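Shown next: target12.cif, containing mmCIF, C-alpha atoms.
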data_entry
#
loop_
_atom_site.group_PDB
_atom_site.id
_atom_site.type_symbol
_atom_site.label_atom_id
_atom_site.label_comp_id
_atom_site.auth_asym_id
_atom_site.auth_seq_id
_atom_site.Cartn_x
_atom_site.Cartn_y
_atom_site.Cartn_z
ATOM 1 C CA MET A 1 -42.071 -46.871 43.002
ATOM 2 C CA LEU A 2 -45.124 -45.180 41.564
ATOM 3 C CA ARG A 3 -44.149 -41.585 40.739
ATOM 4 C CA ILE A 4 -46.971 -39.114 41.427
ATOM 5 C CA ALA A 5 -47.047 -35.408 40.516
ATOM 6 C CA VAL A 6 -48.857 -33.197 43.040
ATOM 7 C CA PRO A 7 -49.602 -29.438 42.811
ATOM 8 C CA ASN A 8 -47.094 -27.526 44.920
ATOM 9 C CA LYS A 9 -49.221 -24.398 45.411
ATOM 10 C CA GLY A 10 -52.411 -22.656 44.359
ATOM 11 C CA SER A 11 -56.058 -23.663 44.714
ATOM 12 C CA LEU A 12 -55.355 -27.317 43.869
ATOM 13 C CA SER A 13 -52.537 -27.906 46.336
ATOM 14 C CA GLU A 14 -54.201 -28.121 49.760
ATOM 15 C CA SER A 15 -57.235 -30.122 48.599
ATOM 16 C CA ALA A 16 -55.022 -32.574 46.693
ATOM 17 C CA ALA A 17 -52.828 -33.082 49.768
ATOM 18 C CA ASP A 18 -55.900 -33.637 51.977
ATOM 19 C CA MET A 19 -57.325 -36.213 49.590
ATOM 20 C CA LEU A 20 -54.058 -38.147 49.393
ATOM 21 C CA ARG A 21 -53.795 -38.189 53.201
ATOM 22 C CA GLU A 22 -57.371 -39.510 53.440
ATOM 23 C CA ALA A 23 -56.354 -42.199 50.940
ATOM 24 C CA GLY A 24 -53.647 -43.358 53.337
ATOM 25 C CA TYR A 25 -50.570 -41.714 51.842
ATOM 26 C CA ARG A 26 -47.923 -39.779 53.686
ATOM 27 C CA GLY A 27 -48.083 -35.976 53.528
ATOM 28 C CA ARG A 28 -45.213 -33.524 53.482
ATOM 29 C CA ARG A 29 -44.487 -31.493 56.612
ATOM 30 C CA ASP A 30 -42.619 -28.661 54.913
ATOM 31 C CA SER A 31 -44.186 -26.715 52.037
ATOM 32 C CA LYS A 32 -40.699 -26.259 50.565
ATOM 33 C CA GLU A 33 -40.231 -30.012 50.215
ATOM 34 C CA LEU A 34 -40.118 -30.864 46.492
ATOM 35 C CA VAL A 35 -39.850 -34.659 46.670
ATOM 36 C CA LEU A 36 -41.399 -36.961 49.259
ATOM 37 C CA THR A 37 -40.882 -40.719 49.471
ATOM 38 C CA ASP A 38 -43.634 -42.830 51.023
ATOM 39 C CA ALA A 39 -41.852 -46.167 51.382
ATOM 40 C CA ALA A 40 -44.767 -47.807 53.196
ATOM 41 C CA ASN A 41 -46.983 -47.354 50.138
ATOM 42 C CA ASP A 42 -44.200 -47.690 47.559
ATOM 43 C CA VAL A 43 -44.837 -44.254 46.024
ATOM 44 C CA GLU A 44 -42.831 -41.100 45.463
ATOM 45 C CA PHE A 45 -44.449 -37.648 45.307
ATOM 46 C CA PHE A 46 -43.089 -34.766 43.235
ATOM 47 C CA PHE A 47 -44.466 -31.308 44.044
ATOM 48 C CA LEU A 48 -44.676 -29.274 40.837
ATOM 49 C CA ARG A 49 -46.401 -26.247 39.328
ATOM 50 C CA PRO A 50 -49.959 -27.346 38.413
ATOM 51 C CA ARG A 51 -49.457 -26.065 34.860
ATOM 52 C CA ASP A 52 -46.403 -28.319 34.358
ATOM 53 C CA ILE A 53 -47.859 -31.564 35.702
ATOM 54 C CA ALA A 54 -49.558 -32.668 32.470
ATOM 55 C CA VAL A 55 -46.277 -32.202 30.591
ATOM 56 C CA TYR A 56 -44.319 -34.415 32.998
ATOM 57 C CA VAL A 57 -46.997 -37.130 33.004
ATOM 58 C CA GLY A 58 -47.557 -37.003 29.250
ATOM 59 C CA SER A 59 -43.828 -37.371 28.573
ATOM 60 C CA GLY A 60 -43.627 -40.440 30.795
ATOM 61 C CA THR A 61 -41.273 -38.805 33.277
ATOM 62 C CA LEU A 62 -43.910 -39.333 35.990
ATOM 63 C CA ASP A 63 -46.611 -41.994 36.109
ATOM 64 C CA VAL A 64 -49.670 -40.063 37.310
ATOM 65 C CA GLY A 65 -50.555 -36.586 38.501
ATOM 66 C CA ILE A 66 -53.242 -34.328 39.905
ATOM 67 C CA THR A 67 -54.021 -31.140 38.015
ATOM 68 C CA GLY A 68 -56.948 -29.175 36.605
ATOM 69 C CA ARG A 69 -58.864 -30.384 33.556
ATOM 70 C CA ASP A 70 -58.338 -26.919 32.037
ATOM 71 C CA LEU A 71 -54.568 -27.160 32.511
ATOM 72 C CA LEU A 72 -54.486 -30.662 31.019
ATOM 73 C CA LEU A 73 -56.329 -29.599 27.864
ATOM 74 C CA ASP A 74 -54.380 -26.344 27.546
ATOM 75 C CA SER A 75 -51.043 -28.171 27.737
ATOM 76 C CA GLY A 76 -51.586 -30.256 24.603
ATOM 77 C CA SER A 77 -50.011 -33.145 26.485
ATOM 78 C CA PRO A 78 -50.828 -36.753 25.474
ATOM 79 C CA ALA A 79 -51.734 -37.445 29.123
ATOM 80 C CA VAL A 80 -55.342 -38.533 29.646
ATOM 81 C CA GLU A 81 -57.902 -37.952 32.397
ATOM 82 C CA VAL A 82 -58.509 -41.020 34.561
ATOM 83 C CA MET A 83 -61.035 -39.701 37.059
ATOM 84 C CA ALA A 84 -62.547 -36.471 38.356
ATOM 85 C CA LEU A 85 -61.652 -35.729 41.974
ATOM 86 C CA GLY A 86 -64.576 -33.555 43.063
ATOM 87 C CA PHE A 87 -62.811 -30.333 44.079
ATOM 88 C CA ALA A 88 -61.581 -27.061 42.526
ATOM 89 C CA ALA A 89 -64.612 -26.798 40.246
ATOM 90 C CA SER A 90 -64.622 -23.819 37.897
ATOM 91 C CA THR A 91 -66.145 -22.636 34.637
ATOM 92 C CA PHE A 92 -64.086 -21.277 31.752
ATOM 93 C CA ARG A 93 -65.947 -18.617 29.740
ATOM 94 C CA PHE A 94 -65.707 -15.727 27.311
ATOM 95 C CA ALA A 95 -66.438 -12.203 28.561
ATOM 96 C CA ALA A 96 -66.560 -8.753 27.010
ATOM 97 C CA LYS A 97 -68.119 -5.312 27.363
ATOM 98 C CA PRO A 98 -71.930 -5.406 27.024
ATOM 99 C CA GLY A 99 -73.027 -5.495 23.385
ATOM 100 C CA VAL A 100 -69.687 -6.643 21.948
ATOM 101 C CA ALA A 101 -70.621 -10.317 21.527
ATOM 102 C CA SER A 102 -73.375 -12.753 22.446
ATOM 103 C CA ALA A 103 -72.003 -16.005 20.988
ATOM 104 C CA VAL A 104 -68.666 -17.522 20.054
ATOM 105 C CA GLN A 105 -69.264 -16.701 16.375
ATOM 106 C CA ASP A 106 -69.221 -12.984 17.238
ATOM 107 C CA ILE A 107 -65.545 -13.276 18.219
ATOM 108 C CA ASP A 108 -64.495 -13.769 14.589
ATOM 109 C CA GLY A 109 -61.805 -11.223 13.695
ATOM 110 C CA LYS A 110 -61.422 -9.962 17.262
ATOM 111 C CA ARG A 111 -58.597 -10.181 19.794
ATOM 112 C CA VAL A 112 -59.021 -12.640 22.678
ATOM 113 C CA ALA A 113 -56.807 -12.360 25.773
ATOM 114 C CA THR A 114 -56.317 -15.464 27.933
ATOM 115 C CA SER A 115 -53.877 -17.402 30.070
ATOM 116 C CA TYR A 116 -55.032 -20.606 28.350
ATOM 117 C CA ALA A 117 -54.054 -19.970 24.744
ATOM 118 C CA GLY A 118 -53.987 -23.635 23.705
ATOM 119 C CA LEU A 119 -57.430 -24.310 25.108
ATOM 120 C CA VAL A 120 -58.964 -21.203 23.528
ATOM 121 C CA GLN A 121 -57.362 -21.766 20.126
ATOM 122 C CA SER A 122 -58.684 -25.317 20.066
ATOM 123 C CA HIS A 123 -62.184 -24.164 21.058
ATOM 124 C CA LEU A 124 -62.253 -21.449 18.394
ATOM 125 C CA ALA A 125 -61.006 -23.866 15.752
ATOM 126 C CA ASP A 126 -63.746 -26.340 16.682
ATOM 127 C CA HIS A 127 -66.311 -23.596 16.006
ATOM 128 C CA GLY A 128 -64.682 -22.341 12.812
ATOM 129 C CA VAL A 129 -63.905 -18.942 14.334
ATOM 130 C CA GLY A 130 -60.824 -16.963 13.364
ATOM 131 C CA ALA A 131 -59.483 -14.683 16.108
ATOM 132 C CA GLN A 132 -56.163 -13.378 17.373
ATOM 133 C CA VAL A 133 -55.368 -15.066 20.689
ATOM 134 C CA VAL A 134 -53.284 -12.903 23.023
ATOM 135 C CA ARG A 135 -51.480 -14.953 25.689
ATOM 136 C CA LEU A 136 -51.233 -13.337 29.126
ATOM 137 C CA ASP A 137 -49.869 -14.819 32.344
ATOM 138 C CA GLY A 138 -52.372 -13.144 34.655
ATOM 139 C CA ALA A 139 -54.767 -10.235 35.309
ATOM 140 C CA VAL A 140 -56.672 -11.100 32.147
ATOM 141 C CA GLU A 141 -59.686 -9.051 33.305
ATOM 142 C CA THR A 142 -57.847 -5.753 32.682
ATOM 143 C CA ALA A 143 -56.837 -6.624 29.100
ATOM 144 C CA ILE A 144 -59.915 -4.983 27.558
ATOM 145 C CA THR A 145 -59.660 -1.835 29.687
ATOM 146 C CA LEU A 146 -55.988 -1.493 28.705
ATOM 147 C CA GLY A 147 -56.773 -1.984 25.018
ATOM 148 C CA VAL A 148 -54.914 -5.261 24.594
ATOM 149 C CA ALA A 149 -58.005 -7.262 23.601
ATOM 150 C CA ASP A 150 -61.688 -7.050 22.665
ATOM 151 C CA VAL A 151 -62.680 -10.241 24.470
ATOM 152 C CA ILE A 152 -61.205 -12.295 27.298
ATOM 153 C CA ALA A 153 -61.440 -15.998 28.119
ATOM 154 C CA ASP A 154 -60.868 -16.892 31.738
ATOM 155 C CA VAL A 155 -61.950 -18.946 34.729
ATOM 156 C CA VAL A 156 -65.166 -17.556 36.193
ATOM 157 C CA GLU A 157 -66.242 -18.343 39.753
ATOM 158 C CA THR A 158 -68.546 -15.652 41.196
ATOM 159 C CA GLY A 159 -68.146 -13.146 38.345
ATOM 160 C CA THR A 160 -67.420 -10.276 40.758
ATOM 161 C CA THR A 161 -64.028 -9.439 39.229
ATOM 162 C CA LEU A 162 -65.553 -9.292 35.741
ATOM 163 C CA ARG A 163 -68.369 -6.995 36.860
ATOM 164 C CA ASN A 164 -65.853 -4.696 38.515
ATOM 165 C CA GLN A 165 -64.228 -4.288 35.090
ATOM 166 C CA GLY A 166 -67.589 -3.677 33.399
ATOM 167 C CA LEU A 167 -67.553 -7.082 31.677
ATOM 168 C CA GLU A 168 -70.197 -9.777 31.256
ATOM 169 C CA THR A 169 -69.949 -13.392 30.192
ATOM 170 C CA PHE A 170 -71.559 -14.565 26.976
ATOM 171 C CA GLY A 171 -72.146 -17.765 25.030
ATOM 172 C CA GLU A 172 -71.876 -21.300 26.327
ATOM 173 C CA PRO A 173 -69.038 -22.207 28.727
ATOM 174 C CA ILE A 174 -65.826 -23.169 26.983
ATOM 175 C CA LEU A 175 -65.165 -25.800 29.632
ATOM 176 C CA ARG A 176 -66.314 -26.948 33.059
ATOM 177 C CA SER A 177 -63.170 -27.806 34.937
ATOM 178 C CA GLU A 178 -62.204 -29.482 38.205
ATOM 179 C CA ALA A 179 -59.268 -31.343 39.661
ATOM 180 C CA VAL A 180 -58.559 -34.598 37.840
ATOM 181 C CA LEU A 181 -56.191 -37.539 38.077
ATOM 182 C CA ILE A 182 -54.210 -37.948 34.871
ATOM 183 C CA THR A 183 -51.888 -40.602 33.486
ATOM 184 C CA ARG A 184 -50.425 -41.933 30.256
ATOM 185 C CA GLU A 185 -52.517 -44.258 28.110
ATOM 186 C CA HIS A 186 -50.000 -47.087 28.473
ATOM 187 C CA ASN A 187 -48.401 -47.397 31.907
ATOM 188 C CA GLY A 188 -46.847 -50.822 31.468
ATOM 189 C CA SER A 189 -45.562 -52.256 34.737
ATOM 190 C CA ALA A 190 -46.850 -49.227 36.693
ATOM 191 C CA GLN A 191 -50.505 -49.984 35.890
ATOM 192 C CA PRO A 192 -51.222 -52.199 38.946
ATOM 193 C CA ALA A 193 -49.966 -49.431 41.249
ATOM 194 C CA VAL A 194 -52.036 -46.869 39.317
ATOM 195 C CA ASP A 195 -55.100 -49.074 39.815
ATOM 196 C CA VAL A 196 -54.483 -49.157 43.589
ATOM 197 C CA LEU A 197 -54.214 -45.348 43.666
ATOM 198 C CA CYS A 198 -57.475 -45.021 41.733
ATOM 199 C CA ARG A 199 -59.293 -47.391 44.100
ATOM 200 C CA ARG A 200 -58.041 -45.450 47.108
ATOM 201 C CA LEU A 201 -59.094 -42.101 45.675
ATOM 202 C CA GLN A 202 -62.475 -43.503 44.658
ATOM 203 C CA GLY A 203 -62.841 -44.741 48.230
ATOM 204 C CA VAL A 204 -62.259 -41.205 49.495
ATOM 205 C CA LEU A 205 -64.838 -39.805 47.079
ATOM 206 C CA THR A 206 -67.400 -42.372 48.182
ATOM 207 C CA ALA A 207 -66.662 -41.804 51.880
ATOM 208 C CA ARG A 208 -67.166 -38.067 51.378
ATOM 209 C CA SER A 209 -70.431 -38.612 49.533
ATOM 210 C CA TYR A 210 -72.103 -41.037 51.962
ATOM 211 C CA VAL A 211 -72.769 -41.466 55.678
ATOM 212 C CA MET A 212 -73.566 -44.609 57.626
ATOM 213 C CA MET A 213 -77.049 -44.553 59.117
ATOM 214 C CA ASP A 214 -78.202 -46.890 61.913
ATOM 215 C CA TYR A 215 -81.695 -47.061 63.388
ATOM 216 C CA ASP A 216 -84.182 -49.334 65.142
ATOM 217 C CA VAL A 217 -87.589 -50.039 63.653
ATOM 218 C CA ARG A 218 -90.485 -52.400 64.293
ATOM 219 C CA VAL A 219 -90.434 -55.640 62.303
ATOM 220 C CA GLU A 220 -93.665 -54.867 60.460
ATOM 221 C CA LEU A 221 -92.189 -51.571 59.212
ATOM 222 C CA VAL A 222 -88.827 -52.881 58.051
ATOM 223 C CA GLU A 223 -89.736 -53.108 54.360
ATOM 224 C CA GLN A 224 -90.943 -49.498 54.298
ATOM 225 C CA ALA A 225 -87.850 -48.371 56.207
ATOM 226 C CA CYS A 226 -85.506 -50.192 53.853
ATOM 227 C CA ALA A 227 -87.235 -48.531 50.907
ATOM 228 C CA LEU A 228 -86.112 -45.208 52.406
ATOM 229 C CA THR A 229 -82.549 -46.488 52.972
ATOM 230 C CA PRO A 230 -81.840 -49.033 50.212
ATOM 231 C CA GLY A 231 -78.063 -48.643 50.558
ATOM 232 C CA LEU A 232 -75.702 -49.439 47.720
ATOM 233 C CA GLU A 233 -76.798 -53.068 47.398
ATOM 234 C CA SER A 234 -79.010 -53.880 50.358
ATOM 235 C CA PRO A 235 -79.219 -52.679 53.986
ATOM 236 C CA THR A 236 -78.054 -54.830 56.879
ATOM 237 C CA VAL A 237 -80.966 -55.926 59.080
ATOM 238 C CA SER A 238 -80.170 -57.500 62.481
ATOM 239 C CA PRO A 239 -82.549 -58.866 65.128
ATOM 240 C CA LEU A 240 -82.707 -57.156 68.542
ATOM 241 C CA HIS A 241 -83.337 -58.652 71.967
ATOM 242 C CA ASP A 242 -86.903 -57.315 71.721
ATOM 243 C CA LYS A 243 -88.262 -59.593 68.987
ATOM 244 C CA GLY A 244 -90.587 -56.859 67.790
ATOM 245 C CA TYR A 245 -87.688 -54.684 66.589
ATOM 246 C CA VAL A 246 -84.745 -54.940 64.204
ATOM 247 C CA ALA A 247 -81.644 -52.802 63.782
ATOM 248 C CA VAL A 248 -80.958 -51.476 60.293
ATOM 249 C CA ARG A 249 -77.648 -50.185 58.937
ATOM 250 C CA SER A 250 -77.282 -48.601 55.513
ATOM 251 C CA MET A 251 -75.185 -46.121 53.535
ATOM 252 C CA VAL A 252 -77.118 -42.959 52.728
ATOM 253 C CA PRO A 253 -76.110 -40.078 50.398
ATOM 254 C CA ARG A 254 -74.712 -37.323 52.621
ATOM 255 C CA HIS A 255 -76.841 -34.567 51.079
ATOM 256 C CA LEU A 256 -80.028 -36.529 51.886
ATOM 257 C CA THR A 257 -79.121 -37.254 55.522
ATOM 258 C CA ASN A 258 -81.573 -35.018 57.342
ATOM 259 C CA ARG A 259 -84.443 -35.625 54.948
ATOM 260 C CA VAL A 260 -84.075 -39.401 55.335
ATOM 261 C CA MET A 261 -83.847 -39.070 59.119
ATOM 262 C CA ASP A 262 -87.101 -37.076 59.146
ATOM 263 C CA GLU A 263 -88.858 -39.651 56.980
ATOM 264 C CA LEU A 264 -87.628 -42.541 59.128
ATOM 265 C CA TYR A 265 -88.773 -40.817 62.297
ATOM 266 C CA GLU A 266 -92.214 -40.179 60.837
ATOM 267 C CA LEU A 267 -92.396 -43.864 59.882
ATOM 268 C CA GLY A 268 -91.652 -44.879 63.464
ATOM 269 C CA ALA A 269 -87.909 -45.562 63.470
ATOM 270 C CA ARG A 270 -86.004 -44.501 66.569
ATOM 271 C CA ALA A 271 -82.400 -44.326 67.806
ATOM 272 C CA ILE A 272 -81.421 -42.946 64.396
ATOM 273 C CA LEU A 273 -77.662 -42.440 64.362
ATOM 274 C CA VAL A 274 -75.409 -41.048 61.641
ATOM 275 C CA THR A 275 -71.644 -41.563 61.455
ATOM 276 C CA ASP A 276 -69.006 -40.466 58.969
ATOM 277 C CA ILE A 277 -67.250 -43.028 56.777
ATOM 278 C CA ALA A 278 -63.475 -42.699 56.962
ATOM 279 C CA ALA A 279 -62.740 -44.873 53.926
ATOM 280 C CA CYS A 280 -64.361 -47.574 51.840
ATOM 281 C CA ARG A 281 -63.976 -49.911 48.895
ATOM 282 C CA LEU A 282 -66.957 -50.780 46.739
#

Could you rewrite the structure in this file as structure tokens?
Amino acid sequence: MLRIAVPNKGSLSESAADMLREAGYRGRRDSKELVLTDAANDVEFFFLRPRDIAVYVGSGTLDVGITGRDLLLDSGSPAVEVMALGFAASTFRFAAKPGVASAVQDIDGKRVATSYAGLVQSHLADHGVGAQVVRLDGAVETAITLGVADVIADVVETGTTLRNQGLETFGEPILRSEAVLITREHNGSAQPAVDVLCRRLQGVLTARSYVMMDYDVRVELVEQACALTPGLESPTVSPLHDKGYVAVRSMVPRHLTNRVMDELYELGARAILVTDIAACRL
């Protein structure tokens, strides 16, 4: 069986479970369940702390896993990123009191508090900056107020928590993170099953990114209509009982749905219908 590590809690957990269900895998019914066997798909799920997943996958104990890019890089594990999964996006940045620093070079000789010591140490080393990294398990934003550090490095979403502590971000982001699928570089006999998992997850990503659009348009306008809805390769064009019209079906990027519908209507297309795509393979 393919052994898959899944986040057991936190911001990654629910979205990862939803994506796996959309990919056709069995989901757990009890949040306390630590191991779940999906015999129909020949996989076994292990629900672990997101921070530990890269360690298990990198050691070869488990074949693949879902975790954050930040957690993967912070772990120092030999596991590698296979594909980005499109959820749990975040930005990892430095922050300090106004006037303390404006670039990573200004951190030299200072104390930096973070929950991602490995990631920060690597980033500082890449920039030739010497600083004392203070590892904390949480509440990093209060480290400066409490005198533990001069600078912090943490995940920034809206920035509200930082502003409440009188802090501001500075310099370029250390990392832009999101949920990722990870594996070992050499999976041996497990690789075919890993490939199937990747295709399924890619199918979910594509289904979430596109809609199926159907409409009727006059024959003389079909080329202009298809230019608006080119699809992934080419739209499907079918004759209608009224010889003056054809039916067109095409995949359209979800974020362009209403704009394309407006343009088709202005062109003369009618009966414009949009449906969700449950799954796909490209």

* Name the residues that the PyMOL selection byres ((chain A and resi 6) around 12) picks from the file above, as a PyMOL selection string, using the file's chain letters and numbers. => chain A and resi 3-5+7-10+12-20+27-28+33-36+44-54+56-57+62-68+179-182

* Asked: If you count all atoms listed in the file, which residues fall within 7 Å of A:Arg93, apart from same-chain ones fewer than 3 positions away, as a PyMOL selection string?
  -> chain A and resi 153-156+169+173-174

* To do: Using the chain letters and residue numbers of this document, give as a PyMOL selection string the residues selected by the PyMOL selection byres ((chain A and resi 197) around 10).
  => chain A and resi 2+4+20+23-25+41+43+64+181+191-196+198-203

* Asked: Using the chain letters and numbers from the file, which residues does the PyMOL selection byres ((chain A and resi 251-254) around 12) grab, as a ChimeraX atom specification?
  -> /A:205-215,226-236,248-250,255-261,273-277,280,282

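Closest approach to A:Gly60 from the set A:Ala84, A:Gln105, A:Ser122, A:Ala79 is made by A:Ala79, with distances taken over only C-alpha atoms.
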
Report as lines of an AutoDock Vina configuration file the centre and the edge lengths, in Å to one decimal, of the axis-aligned box holding every listed atom of stretch 125-129 of chain A, padded by 4 Å on each side.
center_x = -63.7
center_y = -22.6
center_z = 14.7
size_x = 13.3
size_y = 15.4
size_z = 11.9

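Residue nearest A:Ala39, chosen from A:Leu119, A:Gly171, A:Leu136, A:Met1 and counting all atoms listed in the file: A:Met1.
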
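With only C-alpha atoms as the atoms that count, the residue of A:Tyr245, A:Val151, A:Ser115, A:Ala96 with the shortest distance to A:Gly138 is A:Ser115.
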
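Atom CA of A:Val204 sits 9.3 Å away from atom CA of A:Leu85.
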
* To do: Work out how far atom CA of A:Gly58 is from atom CA of A:Ser75, in Å to one decimal.
  => 9.6 Å

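Put simply, atom CA of A:Asp216 is 10.7 Å away from atom CA of A:Asp242.
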
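Closest to A:Ala269 among A:Glu168, A:Asp126, A:Glu223, A:Glu185 is A:Glu223, based on all atoms listed in the file.
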